[in-house]
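See below for data-v2.cif, which holds mmCIF, C-alpha atoms.
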```cif
data_upload
loop_
_atom_site.group_PDB
_atom_site.id
_atom_site.type_symbol
_atom_site.label_atom_id
_atom_site.label_comp_id
_atom_site.auth_asym_id
_atom_site.auth_seq_id
_atom_site.Cartn_x
_atom_site.Cartn_y
_atom_site.Cartn_z
ATOM 1 C CA VAL H 1 11.064 -16.111 5.892
ATOM 2 C CA LEU H 2 7.702 -17.697 6.585
ATOM 3 C CA ALA H 3 5.906 -14.604 5.246
ATOM 4 C CA ILE H 4 7.954 -14.749 2.029
ATOM 5 C CA ARG H 5 7.184 -18.422 1.526
ATOM 6 C CA GLU H 6 3.477 -17.903 2.171
ATOM 7 C CA ALA H 7 3.374 -14.933 -0.207
ATOM 8 C CA GLN H 8 5.185 -16.867 -2.929
ATOM 9 C CA ALA H 9 2.711 -19.725 -2.548
ATOM 10 C CA THR H 10 -0.251 -17.335 -2.837
ATOM 11 C CA GLN H 11 1.330 -15.613 -5.841
ATOM 12 C CA ALA H 12 1.820 -18.986 -7.552
ATOM 13 C CA ASN H 13 -1.725 -20.171 -6.778
ATOM 14 C CA ILE H 14 -3.409 -16.967 -7.967
ATOM 15 C CA SER H 15 -1.185 -16.766 -11.053
ATOM 16 C CA GLU H 16 -2.114 -20.304 -12.061
ATOM 17 C CA LEU H 17 -5.820 -19.498 -11.811
ATOM 18 C CA VAL H 18 -5.398 -16.307 -13.863
ATOM 19 C CA GLU H 19 -3.430 -18.234 -16.475
ATOM 20 C CA ASP H 20 -6.307 -20.729 -16.752
ATOM 21 C CA ASP H 21 -8.836 -17.895 -17.066
ATOM 22 C CA PRO H 22 -7.349 -14.408 -17.785
ATOM 23 C CA MET H 23 -10.773 -12.825 -17.159
ATOM 24 C CA LEU H 24 -10.271 -13.419 -13.448
ATOM 25 C CA LEU H 25 -7.834 -10.499 -13.446
ATOM 26 C CA GLN H 26 -9.156 -7.819 -15.760
ATOM 27 C CA ALA H 27 -6.967 -4.908 -14.609
ATOM 28 C CA ARG H 28 -4.265 -3.952 -17.095
ATOM 29 C CA ASP H 29 -0.586 -4.524 -16.258
ATOM 30 C CA TYR H 30 0.888 -1.024 -16.011
ATOM 31 C CA ILE H 31 4.246 -2.349 -14.826
ATOM 32 C CA ALA H 32 5.193 -3.989 -18.126
ATOM 33 C CA GLY H 33 6.666 -0.773 -19.561
ATOM 34 C CA GLY H 34 8.934 -0.384 -16.570
ATOM 35 C CA ALA H 35 11.016 2.572 -15.412
ATOM 36 C CA SER H 36 14.608 3.462 -14.594
ATOM 37 C CA ALA H 37 16.077 4.936 -11.428
ATOM 38 C CA SER H 38 17.454 7.713 -13.642
ATOM 39 C CA ASP H 39 13.914 8.757 -14.626
ATOM 40 C CA ASP H 40 12.129 11.655 -12.965
ATOM 41 C CA PRO H 41 9.551 9.920 -10.737
ATOM 42 C CA ALA H 42 7.154 12.911 -10.781
ATOM 43 C CA PRO H 43 5.386 12.266 -14.143
ATOM 44 C CA LEU H 44 5.098 8.560 -13.371
ATOM 45 C CA ALA H 45 3.703 9.250 -9.897
ATOM 46 C CA SER H 46 1.084 11.605 -11.371
ATOM 47 C CA SER H 47 0.119 9.027 -14.009
ATOM 48 C CA VAL H 48 -0.312 6.241 -11.458
ATOM 49 C CA ARG H 49 -2.300 8.532 -9.158
ATOM 50 C CA ALA H 50 -4.606 9.330 -12.096
ATOM 51 C CA LEU H 51 -5.044 5.615 -12.796
ATOM 52 C CA LEU H 52 -6.094 5.218 -9.163
ATOM 53 C CA ARG H 53 -8.722 7.956 -9.736
ATOM 54 C CA MET H 54 -7.518 9.876 -6.730
ATOM 55 C CA THR H 55 -8.314 13.457 -5.769
ATOM 56 C CA LEU H 56 -7.101 15.475 -2.799
ATOM 57 C CA ALA H 57 -10.657 15.889 -1.523
ATOM 58 C CA TRP H 58 -11.280 12.156 -1.549
ATOM 59 C CA GLN H 59 -7.904 11.443 0.058
ATOM 60 C CA ARG H 60 -8.646 13.870 2.909
ATOM 61 C CA HIS H 61 -12.137 12.420 3.308
ATOM 62 C CA TRP H 62 -10.760 9.157 4.683
ATOM 63 C CA SER H 63 -10.147 8.565 8.340
ATOM 64 C CA ARG H 64 -6.635 7.732 9.477
ATOM 65 C CA ASP H 65 -7.569 4.102 10.070
ATOM 66 C CA ASP H 66 -9.238 3.672 6.660
ATOM 67 C CA SER H 67 -6.566 5.350 4.555
ATOM 68 C CA PHE H 68 -4.420 2.282 3.874
ATOM 69 C CA LYS H 69 -7.488 0.146 3.153
ATOM 70 C CA ASN H 70 -8.639 2.628 0.505
ATOM 71 C CA TRP H 71 -5.270 2.843 -1.225
ATOM 72 C CA ARG H 72 -4.865 -0.937 -1.083
ATOM 73 C CA ILE H 73 -8.216 -1.610 -2.712
ATOM 74 C CA ARG H 74 -7.468 0.861 -5.502
ATOM 75 C CA VAL H 75 -4.080 -0.695 -6.245
ATOM 76 C CA GLN H 76 -5.718 -4.107 -6.499
ATOM 77 C CA GLU H 77 -8.707 -3.006 -8.566
ATOM 78 C CA TYR H 78 -7.084 -0.509 -10.932
ATOM 79 C CA LEU H 79 -3.466 -1.696 -11.201
ATOM 80 C CA GLY H 80 -3.997 -5.452 -11.019
ATOM 81 C CA VAL H 81 -1.419 -6.045 -8.269
ATOM 82 C CA LEU H 82 -2.000 -8.475 -5.420
ATOM 83 C CA VAL H 83 -1.564 -6.758 -2.059
ATOM 84 C CA LEU H 84 -1.155 -9.147 0.857
ATOM 85 C CA ALA H 85 -0.822 -8.337 4.548
ATOM 86 C CA LYS H 86 1.445 -10.659 6.515
ATOM 87 C CA LYS H 87 2.582 -10.796 10.116
ATOM 88 C CA MET H 88 6.300 -10.008 10.348
ATOM 89 C CA PRO H 89 8.514 -8.964 13.256
ATOM 90 C CA VAL H 90 8.842 -5.205 13.675
ATOM 91 C CA GLU H 91 10.244 -3.536 16.776
ATOM 92 C CA ARG H 92 11.579 -0.250 15.411
ATOM 93 C CA VAL H 93 11.945 1.305 11.991
ATOM 94 C CA GLU H 94 15.648 0.443 12.012
ATOM 95 C CA ASN H 95 15.338 -3.313 12.470
ATOM 96 C CA GLY H 96 11.880 -4.394 11.365
ATOM 97 C CA CYS H 97 10.629 -5.512 7.964
ATOM 98 C CA LEU H 98 8.076 -3.030 6.613
ATOM 99 C CA GLY H 99 7.210 -4.968 3.471
ATOM 100 C CA PHE H 100 8.483 -6.606 0.303
ATOM 101 C CA SER H 101 7.581 -7.073 -3.341
ATOM 102 C CA LEU H 102 7.525 -10.130 -5.602
ATOM 103 C CA PHE H 103 8.024 -9.209 -9.245
ATOM 104 C CA GLY H 104 5.820 -11.056 -11.694
ATOM 105 C CA ASN H 105 6.339 -12.078 -15.308
ATOM 106 C CA SER H 106 4.275 -13.617 -18.075
ATOM 107 C CA HIS H 107 3.251 -16.381 -15.663
ATOM 108 C CA LEU H 108 3.207 -14.659 -12.275
ATOM 109 C CA VAL H 109 1.049 -11.811 -10.965
ATOM 110 C CA HIS H 110 2.937 -8.889 -9.399
ATOM 111 C CA THR H 111 2.595 -9.031 -5.617
ATOM 112 C CA ILE H 112 3.212 -6.602 -2.755
ATOM 113 C CA VAL H 113 3.303 -7.661 0.883
ATOM 114 C CA VAL H 114 2.849 -5.156 3.717
ATOM 115 C CA ASN H 115 3.578 -5.850 7.366
ATOM 116 C CA LYS H 116 0.158 -5.890 9.020
ATOM 117 C CA ASP H 117 1.798 -5.487 12.438
ATOM 118 C CA ASP H 118 3.493 -2.187 11.591
ATOM 119 C CA PRO H 119 2.494 -0.034 14.599
ATOM 120 C CA ILE H 120 2.529 3.168 12.509
ATOM 121 C CA ILE H 121 -0.655 2.880 10.456
ATOM 122 C CA GLU H 122 0.174 5.596 7.920
ATOM 123 C CA ARG H 123 3.520 3.991 7.127
ATOM 124 C CA GLN H 124 1.744 0.994 5.578
ATOM 125 C CA THR H 125 0.503 3.254 2.784
ATOM 126 C CA PHE H 126 4.006 4.528 2.089
ATOM 127 C CA THR H 127 5.320 0.949 2.088
ATOM 128 C CA LEU H 128 2.639 -0.035 -0.430
ATOM 129 C CA PHE H 129 3.735 2.550 -2.991
ATOM 130 C CA HIS H 130 7.438 2.246 -2.196
ATOM 131 C CA GLU H 131 7.141 -1.433 -3.120
ATOM 132 C CA TYR H 132 5.125 -0.556 -6.215
ATOM 133 C CA GLY H 133 8.078 1.628 -7.176
ATOM 134 C CA HIS H 134 10.329 -1.440 -7.012
ATOM 135 C CA LEU H 135 7.929 -3.291 -9.300
ATOM 136 C CA LEU H 136 8.066 -0.401 -11.780
ATOM 137 C CA LEU H 137 11.843 -0.851 -11.760
ATOM 138 C CA HIS H 138 11.252 -4.555 -12.539
ATOM 139 C CA GLN H 139 12.764 -5.881 -9.351
ATOM 140 C CA ALA H 140 11.784 -7.678 -6.194
ATOM 141 C CA ALA H 141 12.831 -6.091 -2.924
ATOM 142 C CA MET H 142 12.588 -6.293 0.845
ATOM 143 C CA CYS H 143 12.510 -3.003 2.703
ATOM 144 C CA LEU H 144 13.610 -2.769 6.314
ATOM 145 C CA ALA H 145 13.519 1.019 6.674
ATOM 146 C CA PHE H 146 13.806 4.334 4.847
ATOM 147 C CA ASP H 147 17.192 4.009 3.133
ATOM 148 C CA ARG H 148 18.172 7.368 1.671
ATOM 149 C CA GLN H 149 21.696 6.336 0.721
ATOM 150 C CA SER H 150 20.709 3.853 -1.992
ATOM 151 C CA LEU H 151 19.834 5.293 -5.413
ATOM 152 C CA ILE H 152 17.153 2.657 -5.956
ATOM 153 C CA GLU H 153 15.614 3.003 -2.499
ATOM 154 C CA ASN H 154 15.655 6.779 -2.725
ATOM 155 C CA TRP H 155 13.921 6.681 -6.121
ATOM 156 C CA CYS H 156 11.185 4.390 -4.794
ATOM 157 C CA SER H 157 10.695 6.628 -1.757
ATOM 158 C CA GLU H 158 10.507 9.731 -3.929
ATOM 159 C CA PHE H 159 7.991 8.021 -6.240
ATOM 160 C CA ALA H 160 5.815 7.055 -3.259
ATOM 161 C CA GLY H 161 6.065 10.517 -1.715
ATOM 162 C CA GLN H 162 5.130 12.296 -4.948
ATOM 163 C CA LEU H 163 2.179 9.988 -5.547
ATOM 164 C CA LEU H 164 0.803 10.486 -2.033
ATOM 165 C CA VAL H 165 1.550 14.216 -1.755
ATOM 166 C CA GLN H 166 1.400 16.044 -5.078
ATOM 167 C CA GLU H 167 3.324 19.313 -5.343
ATOM 168 C CA ASP H 168 0.237 21.396 -6.251
ATOM 169 C CA ASP H 169 -1.738 19.847 -3.391
ATOM 170 C CA LEU H 170 1.042 20.627 -0.926
ATOM 171 C CA LEU H 171 1.165 24.267 -2.056
ATOM 172 C CA LEU H 172 -2.605 24.455 -1.659
ATOM 173 C CA MET H 173 -2.626 22.992 1.838
ATOM 174 C CA VAL H 174 0.356 24.924 3.236
ATOM 175 C CA PRO H 175 -0.132 28.714 2.872
ATOM 176 C CA GLY H 176 3.059 30.634 2.211
ATOM 177 C CA LEU H 177 5.020 27.578 1.051
ATOM 178 C CA GLU H 178 7.447 28.405 -1.767
ATOM 179 C CA ILE H 179 9.302 25.798 -3.803
ATOM 180 C CA GLY H 180 13.053 26.190 -3.455
ATOM 181 C CA GLN H 181 12.742 28.500 -0.448
ATOM 182 C CA PRO H 182 13.906 26.580 2.659
ATOM 183 C CA ARG H 183 12.520 27.390 6.084
ATOM 184 C CA VAL H 184 12.661 25.904 9.558
ATOM 185 C CA TRP H 185 9.965 23.373 10.430
ATOM 186 C CA SER H 186 8.986 21.981 13.797
ATOM 187 C CA VAL H 187 7.996 18.342 14.156
ATOM 188 C CA THR H 188 4.527 19.536 15.208
ATOM 189 C CA GLU H 189 4.087 21.445 11.933
ATOM 190 C CA VAL H 190 5.180 18.431 9.898
ATOM 191 C CA GLN H 191 2.771 16.194 11.812
ATOM 192 C CA ARG H 192 -0.109 18.596 11.171
ATOM 193 C CA ILE H 193 0.487 18.535 7.408
ATOM 194 C CA ALA H 194 0.859 14.735 7.505
ATOM 195 C CA ARG H 195 -2.544 14.407 9.168
ATOM 196 C CA GLU H 196 -4.133 16.456 6.380
ATOM 197 C CA PHE H 197 -2.819 14.036 3.753
ATOM 198 C CA ARG H 198 -3.310 10.904 5.894
ATOM 199 C CA VAL H 199 0.372 10.003 5.536
ATOM 200 C CA SER H 200 3.308 9.609 7.903
ATOM 201 C CA LYS H 201 5.391 12.578 9.008
ATOM 202 C CA GLU H 202 8.400 11.041 7.233
ATOM 203 C CA VAL H 203 6.608 11.335 3.866
ATOM 204 C CA ILE H 204 6.027 15.059 4.394
ATOM 205 C CA ALA H 205 9.637 15.546 5.483
ATOM 206 C CA ILE H 206 10.859 13.821 2.309
ATOM 207 C CA ARG H 207 8.644 16.019 0.140
ATOM 208 C CA LEU H 208 9.682 19.263 1.860
ATOM 209 C CA GLU H 209 13.363 18.387 1.571
ATOM 210 C CA ASN H 210 13.168 17.303 -2.081
ATOM 211 C CA LEU H 211 11.196 20.425 -3.025
ATOM 212 C CA GLY H 212 13.817 22.627 -1.389
ATOM 213 C CA CYS H 213 11.331 23.851 1.225
ATOM 214 C CA SER H 214 13.457 22.811 4.194
ATOM 215 C CA HIS H 215 17.096 22.528 5.076
ATOM 216 C CA PRO H 216 18.680 19.049 4.812
ATOM 217 C CA GLY H 217 18.144 16.967 7.909
ATOM 218 C CA LEU H 218 14.409 17.460 8.414
ATOM 219 C CA PHE H 219 13.719 13.818 7.600
ATOM 220 C CA ASP H 220 16.271 12.630 10.149
ATOM 221 C CA GLU H 221 14.843 15.002 12.752
ATOM 222 C CA VAL H 222 11.235 13.849 12.424
ATOM 223 C CA SER H 223 12.318 10.195 12.207
ATOM 224 C CA ARG H 224 14.099 10.468 15.554
ATOM 225 C CA TYR H 225 10.993 11.884 17.193
ATOM 226 C CA ARG H 226 9.070 9.063 18.875
ATOM 227 C CA GLN H 227 5.449 9.787 19.627
ATOM 228 C CA PRO H 228 3.273 7.398 21.634
ATOM 229 C CA LEU H 229 1.712 4.780 19.372
ATOM 230 C CA ARG H 230 -2.061 4.887 19.185
ATOM 231 C CA GLU H 231 -4.073 1.785 19.881
ATOM 232 C CA ARG H 232 -5.576 0.274 16.780
ATOM 233 C CA THR H 233 -9.356 0.259 16.675
ATOM 234 C CA GLY H 234 -11.442 -2.860 16.362
ATOM 235 C CA GLY H 235 -11.946 -5.883 18.542
ATOM 236 C CA PHE H 236 -12.251 -9.612 18.051
ATOM 237 C CA ALA H 237 -13.408 -10.587 14.572
ATOM 238 C CA SER H 238 -16.322 -13.001 15.005
ATOM 239 C CA SER H 239 -16.419 -13.840 11.299
ATOM 240 C CA LYS H 240 -13.465 -15.859 10.053
ATOM 241 C CA ALA H 241 -13.929 -14.148 6.685
ATOM 242 C CA ILE H 242 -12.581 -10.862 8.111
ATOM 243 C CA PRO H 243 -8.977 -11.985 8.841
ATOM 244 C CA ALA H 244 -8.895 -13.837 5.506
ATOM 245 C CA LEU H 245 -9.959 -10.687 3.655
ATOM 246 C CA ASN H 246 -7.452 -8.597 5.621
ATOM 247 C CA GLU H 247 -4.622 -10.957 4.714
ATOM 248 C CA PHE H 248 -5.388 -11.695 1.058
ATOM 249 C CA GLY H 249 -7.175 -8.518 -0.015
ATOM 250 C CA ILE H 250 -10.243 -8.336 -2.238
ATOM 251 C CA GLN H 251 -8.344 -9.141 -5.453
ATOM 252 C CA ALA H 252 -6.826 -12.491 -4.463
ATOM 253 C CA ALA H 253 -9.887 -13.567 -2.456
ATOM 254 C CA SER H 254 -12.218 -12.684 -5.319
ATOM 255 C CA ILE H 255 -10.104 -14.581 -7.871
ATOM 256 C CA VAL H 256 -10.192 -17.733 -5.731
ATOM 257 C CA LEU H 257 -13.965 -17.543 -5.203
ATOM 258 C CA GLN H 258 -14.629 -16.901 -8.896
ATOM 259 C CA ALA H 259 -12.325 -19.757 -9.899
ATOM 260 C CA ARG H 260 -14.338 -22.039 -7.624
ATOM 261 C CA GLN H 261 -17.610 -20.873 -9.182
ATOM 262 C CA LYS H 262 -16.196 -21.531 -12.657
ATOM 263 C CA GLN H 263 -15.067 -24.975 -11.462
ATOM 264 C CA LEU H 264 -11.401 -24.264 -12.198
ATOM 265 C CA ILE H 265 -10.763 -25.494 -8.664
ATOM 266 C CA ASN H 266 -12.908 -27.377 -6.206
ATOM 267 C CA THR H 267 -14.112 -26.252 -2.796
ATOM 268 C CA LEU H 268 -11.302 -28.023 -0.952
ATOM 269 C CA GLN H 269 -8.640 -26.328 -3.082
ATOM 270 C CA ALA H 270 -10.225 -22.902 -2.551
ATOM 271 C CA SER H 271 -10.325 -23.561 1.178
ATOM 272 C CA GLU H 272 -6.634 -24.511 1.220
ATOM 273 C CA ILE H 273 -5.545 -21.421 -0.726
ATOM 274 C CA LEU H 274 -7.477 -19.015 1.499
ATOM 275 C CA ASN H 275 -6.956 -21.042 4.675
ATOM 276 C CA LEU H 276 -10.676 -20.601 5.282
ATOM 277 C CA LYS H 277 -13.439 -23.138 5.851
ATOM 278 C CA PRO H 278 -16.080 -23.228 3.075
ATOM 279 C CA ARG H 279 -18.835 -22.228 5.501
ATOM 280 C CA TRP H 280 -17.359 -18.697 5.475
ATOM 281 C CA PHE H 281 -17.193 -18.326 1.671
ATOM 282 C CA SER H 282 -20.587 -16.618 1.325
ATOM 283 C CA ASP H 283 -19.711 -14.113 4.046
ATOM 284 C CA LEU H 284 -16.334 -13.454 2.393
ATOM 285 C CA GLU H 285 -18.026 -12.822 -0.949
ATOM 286 C CA ARG H 286 -20.504 -10.439 0.669
ATOM 287 C CA ARG H 287 -17.745 -8.453 2.358
ATOM 288 C CA ILE H 288 -15.788 -8.178 -0.895
ATOM 289 C CA GLY H 289 -18.861 -6.696 -2.558
ATOM 290 C CA GLU H 290 -19.421 -4.260 0.299
ATOM 291 C CA GLN H 291 -15.832 -3.010 0.196
ATOM 292 C CA ARG H 292 -15.952 -2.475 -3.534
ATOM 293 C CA MET H 293 -19.149 -0.455 -3.238
ATOM 294 C CA GLU H 294 -17.843 1.552 -0.291
ATOM 295 C CA TYR H 295 -14.340 2.399 -1.451
ATOM 296 C CA ILE H 296 -14.425 2.350 -5.259
ATOM 297 C CA ARG H 297 -16.096 5.527 -6.522
#
```
Here is a file; write its structure as C-alpha cells.
Amino acid sequence: VLAIREAQATQANISELVEDDPMLLQARDYIAGGASASDDPAPLASSVRALLRMTLAWQRHWSRDDSFKNWRIRVQEYLGVLVLAKKMPVERVENGCLGFSLFGNSHLVHTIVVNKDDPIIERQTFTLFHEYGHLLLHQAAMCLAFDRQSLIENWCSEFAGQLLVQEDDLLLMVPGLEIGQPRVWSVTEVQRIAREFRVSKEVIAIRLENLGCSHPGLFDEVSRYRQPLRERTGGFASSKAIPALNEFGIQAASIVLQARQKQLINTLQASEILNLKPRWFSDLERRIGEQRMEYIR
C-alpha cells in the first residue's frame, strides 16, 4: 500500500512538471492507440521491440545483472514511461507482489513499478513488459504472480514473452527446434536457453508452450523447480544519488532536475520529490548522463 501511494505521488509530481513544460518528456506516447486482449500480441511485441532499438546480439551482450537496467532505461527513453523500483514484500512467486502499473491520461504520465526486492533478477524484466502490456490495454494492474487462467493476464504475459524472445531468434538459438512440433524438455535445457536471452526460465517455458514446441505443463514444471538464489552483486552505496537513481530511474530524476534548472520548481521542492539532499544533485545528474551514454546506443 505504501509503495502504491509513493508511486502515485511521484506520478502526480512528474506529470505536473511535464504539463507545465511538455519538453521535459519528449518521448512519444505509444500507448494512446491501445490494444485489445483479442488482438494477436506478436505484431505489437515486434513493433515495441523495434521502438526500443533492440537486437538479439545487443540483448545477449548484457550481463545477467545489467539486463533489467538496460531494458528499463530503454522503456523510459524511447517509450516515455516512468519506471520506478519500490520495496515490496515478496517471499515466493505465489504470494509476493512482483509489480504494478498506473495508467496515465491527458494529465498523468504512464507509470510502471517493479519490486526491487524480487530475488529473481531476470523476472524484473518480465514484470516490466507484462505491466507495459496492461498499459497497452489501457488499464492499471497489480500482478502477484504468473496467472495463466485470466485472459488479460495471459495476454500480457504472452506480449512480454514475445517481445523478450522473438520467434526467429528462438529458432536461431535452439538448433533443431520446429514450431508446432512438441518435444520433452528438461529444466536444465530451459535454463540454458533462458541464460542466452537473459530472461527467466518461466519466459522460455511460456514461449515453447505457446509455439507448440513442448507439451502442456512445461511452465508449471519449471515454475515448481526451486534453484538456489544467487547473491546480488554490489555493496554499500556511498553516494546517496545511487539509491535515488535506482528508485526513480533516469526519466523521472532527469525531469525533476531539469524542472529545477528551468525554475519550474525550487531546490527544496526538487529535494522533496526525489527524497534527496541538494548536495547530491550534481552527482545524480552526472550518473544520469553516464547511464545514457553507456546503455543507449
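With the shown file loaded, the PyMOL selection byres ((chain H and resi 169-182) around 6) picks out Gln166, Glu167, Asp168, Arg183, Leu211, Gly212, Cys213, Ser214 and His215 of chain H.
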File dump, residues just selected, C-alpha atoms, as a PDB file, in the coordinates of the input:
```pdb
ATOM      1  CA  GLN H 166       1.400  16.044  -5.078  1.00  0.00           C
ATOM      2  CA  GLU H 167       3.324  19.313  -5.343  1.00  0.00           C
ATOM      3  CA  ASP H 168       0.237  21.396  -6.251  1.00  0.00           C
ATOM      4  CA  ARG H 183      12.520  27.390   6.084  1.00  0.00           C
ATOM      5  CA  LEU H 211      11.196  20.425  -3.025  1.00  0.00           C
ATOM      6  CA  GLY H 212      13.817  22.627  -1.389  1.00  0.00           C
ATOM      7  CA  CYS H 213      11.331  23.851   1.225  1.00  0.00           C
ATOM      8  CA  SER H 214      13.457  22.811   4.194  1.00  0.00           C
ATOM      9  CA  HIS H 215      17.096  22.528   5.076  1.00  0.00           C
TER      10      HIS H 215
END
```
Listed atoms of range 11-27 of chain H boxed along x, y and z, 3 Å each side, centre and edge lengths in Å, one decimal, as JSON:
```
{"center_x": -4.5, "center_y": -12.8, "center_z": -11.8, "size_x": 18.6, "size_y": 21.8, "size_z": 17.9}
```
Fewer than 2 positions away in the same chain doesn't count, so skip those; otherwise give me all residues within 8 Å of Gln162 in chain H, counting only C-alpha atoms, as a PyMOL selection string. chain H and resi 41-42+45-46+158-160+164-167+207
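Using the PyMOL selection byres ((chain H and resi 12-24) around 7) on this structure selects H:Gln8, H:Ala9, H:Thr10, H:Gln11, H:Leu25, H:Gln26, H:His107, H:Leu108, H:Val109, H:Ala252, H:Ile255, H:Ala259.
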Go ahead and write the selection's residues with C-alpha atoms as a PDB file, in the frame of the given file.
```pdb
ATOM      1  CA  GLN H   8       5.185 -16.867  -2.929  1.00  0.00           C
ATOM      2  CA  ALA H   9       2.711 -19.725  -2.548  1.00  0.00           C
ATOM      3  CA  THR H  10      -0.251 -17.335  -2.837  1.00  0.00           C
ATOM      4  CA  GLN H  11       1.330 -15.613  -5.841  1.00  0.00           C
ATOM      5  CA  LEU H  25      -7.834 -10.499 -13.446  1.00  0.00           C
ATOM      6  CA  GLN H  26      -9.156  -7.819 -15.760  1.00  0.00           C
ATOM      7  CA  HIS H 107       3.251 -16.381 -15.663  1.00  0.00           C
ATOM      8  CA  LEU H 108       3.207 -14.659 -12.275  1.00  0.00           C
ATOM      9  CA  VAL H 109       1.049 -11.811 -10.965  1.00  0.00           C
ATOM     10  CA  ALA H 252      -6.826 -12.491  -4.463  1.00  0.00           C
ATOM     11  CA  ILE H 255     -10.104 -14.581  -7.871  1.00  0.00           C
ATOM     12  CA  ALA H 259     -12.325 -19.757  -9.899  1.00  0.00           C
TER      13      ALA H 259
END
```
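With distances restricted to all atoms listed in the file, H:Ile31 is the closest residue to Ser106 in chain H from H:Ile31, H:Val184, H:Arg287, H:Arg260.
The nearest approach to Ser67 in chain H among the residues H:Leu128, H:Leu2, H:Met293, H:Leu208, with all atoms listed in the file taken into account, belongs to H:Leu128.
If only C-alpha atoms are the atoms counted, then among H:Glu290, H:Glu202, H:Glu153, H:Glu272 the closest residue to Ala37 in chain H is H:Glu153.
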Given the PyMOL selection byres ((chain H and resi 276) around 12) and the file above, list the residues it selects as a ChimeraX atom specification. /H:239-245,247-248,253,256-257,267-275,277-284
Provide the CA of Val203 in chain H to CA of Asn115 in chain H distance in Å, to one decimal place. 17.8 Å
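Distances here use only C-alpha atoms; by that measure, the residue among H:Lys116, H:Arg192, H:His134, H:Lys262 closest to Lys69 in chain H is H:Lys116.
For range 70-81 of chain H, the residues within 7 Å (counting all atoms listed in the file, excluding itself and residues fewer than 3 positions away along the chain) are Leu25, Ala27, Arg28, Asp29, Tyr30, Leu51, Leu52, Asp66, Ser67, Val109, His110, Thr111, Gln251 and Tyr295 of chain H.
The space separating CA of Gln149 in chain H from CA of Ser200 in chain H comes to 20.0 Å.
Atom pair CA of His130 in chain H / CA of Tyr225 in chain H: separated by 21.9 Å.
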Determine the nearest neighbour of Trp185 in chain H from the options H:Ile250, H:Leu102, H:Leu218, H:Cys156, counting all atoms listed in the file. H:Leu218
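Closest approach to Leu151 in chain H from the set H:Val114, H:Ser101, H:Val187, H:Ser36 is made by H:Ser36, with distances taken over only C-alpha atoms.
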